Amino acid sequence: MPETPERPALRLRVHIGESDHHGGQPLYTAIVEAARRAGLAGATVFKGIEGYGAHSVVHAARIVDLSADLPIVVELIDSAEAIHGFLPALRAMVADGLITLEDVRIVYRGEGKAKP
């Protein structure tokens, strides 16, 4: 297999709550769909088991509290140009949350297998 050259990229993370919505759907779903339409390389949604944000209210997944507004992180990694191009649309969707950017290096990216 040929060596894949390393290249710089940005990791964009959006920290939101599970109960956040946009356009009648969960905000994390709206972000993933918008990222796909914008042609970003991919998106992953992580559901946290405990956390707190700007209001310092702890949200946790516990048996006695099954309806907690658990933390959600949406992560996107792509070129700086692609990420910066997506930021205005993202900012318009996220009313309450935290958006971060980090420099990363892509050391390998598989091409994926064709889906039937």
# chains A, B, ... in the order shown; residues from 1 in each chain; ligands from 1
$ residues_around --residues "Gly97 in chain A" --least-positions-apart "3" --cutoff "7 Å" --atoms "only C-alpha atoms" --output "NGL selection string"
:A and (15-16 or 94)
$ residues_around --residues "range 19-33 of chain A" --least-positions-apart "4" --cutoff "8 Å" --atoms "only C-alpha atoms" --output "VMD selection string"
chain A and resid 37 43 to 45 69 to 70 72 74 90 93 to 94
$ closest_residue --among "A:Leu87, A:Ala92, A:Gly42, A:Ser79" --to "Arg105 in chain A" --atoms "only C-alpha atoms"
A:Ser79
$ residues_around --residues "Leu10 in chain A" --least-positions-apart "6" --cutoff "6 Å" --atoms "only C-alpha atoms" --output "ChimeraX atom specification"
/A:77-80,102-104
$ write_last_selection --atoms "C-alpha atoms" --output "short mmCIF file (atom, residue, chain, number, x, y, z; two decimals), in the first residue's frame"
data_model
loop_
_atom_site.label_atom_id
_atom_site.label_comp_id
_atom_site.auth_asym_id
_atom_site.auth_seq_id
_atom_site.Cartn_x
_atom_site.Cartn_y
_atom_site.Cartn_z
CA ILE A 77 -12.56 16.97 10.37
CA ASP A 78 -11.72 18.47 7.01
CA SER A 79 -9.48 21.03 5.35
CA ALA A 80 -9.29 24.49 6.89
CA GLU A 102 -8.18 22.48 16.63
CA ASP A 103 -5.33 21.94 14.23
CA VAL A 104 -4.87 18.26 13.43
#
$ atom_distance --atom1 "CA of Ala95 in chain A" --atom2 "CA of Glu81 in chain A"
23.4 Å
$ residues_around --residues "Leu40 in chain A" --least-positions-apart "4" --cutoff "8 Å" --atoms "only C-alpha atoms" --output "PyMOL selection string"
chain A and resi 35-36+76-78+82-83
$ write_last_selection --atoms "N, CA and C atoms" --output "mmCIF file, in the first residue's frame"
data_model
loop_
_atom_site.group_PDB
_atom_site.id
_atom_site.type_symbol
_atom_site.label_atom_id
_atom_site.label_comp_id
_atom_site.auth_asym_id
_atom_site.auth_seq_id
_atom_site.Cartn_x
_atom_site.Cartn_y
_atom_site.Cartn_z
ATOM 1 N N ALA A 35 -23.698 19.452 7.187
ATOM 2 C CA ALA A 35 -22.301 19.153 6.844
ATOM 3 C C ALA A 35 -22.229 18.259 5.604
ATOM 4 N N ARG A 36 -23.124 17.298 5.514
ATOM 5 C CA ARG A 36 -23.159 16.413 4.340
ATOM 6 C C ARG A 36 -23.516 17.202 3.087
ATOM 7 N N LEU A 76 -16.312 17.177 13.302
ATOM 8 C CA LEU A 76 -16.057 17.206 11.866
ATOM 9 C C LEU A 76 -14.570 17.434 11.663
ATOM 10 N N ILE A 77 -13.964 16.738 10.713
ATOM 11 C CA ILE A 77 -12.558 16.966 10.373
ATOM 12 C C ILE A 77 -12.481 17.121 8.861
ATOM 13 N N ASP A 78 -11.870 18.216 8.432
ATOM 14 C CA ASP A 78 -11.716 18.473 7.006
ATOM 15 C C ASP A 78 -10.649 19.545 6.842
ATOM 16 N N ALA A 82 -12.595 24.073 3.943
ATOM 17 C CA ALA A 82 -13.933 23.486 4.039
ATOM 18 C C ALA A 82 -14.590 23.808 5.377
ATOM 19 N N ILE A 83 -13.838 23.691 6.457
ATOM 20 C CA ILE A 83 -14.385 23.977 7.789
ATOM 21 C C ILE A 83 -14.769 25.446 7.909
#
$ atom_distance --atom1 "CA of Leu98 in chain A" --atom2 "CA of Gly39 in chain A"
22.4 Å
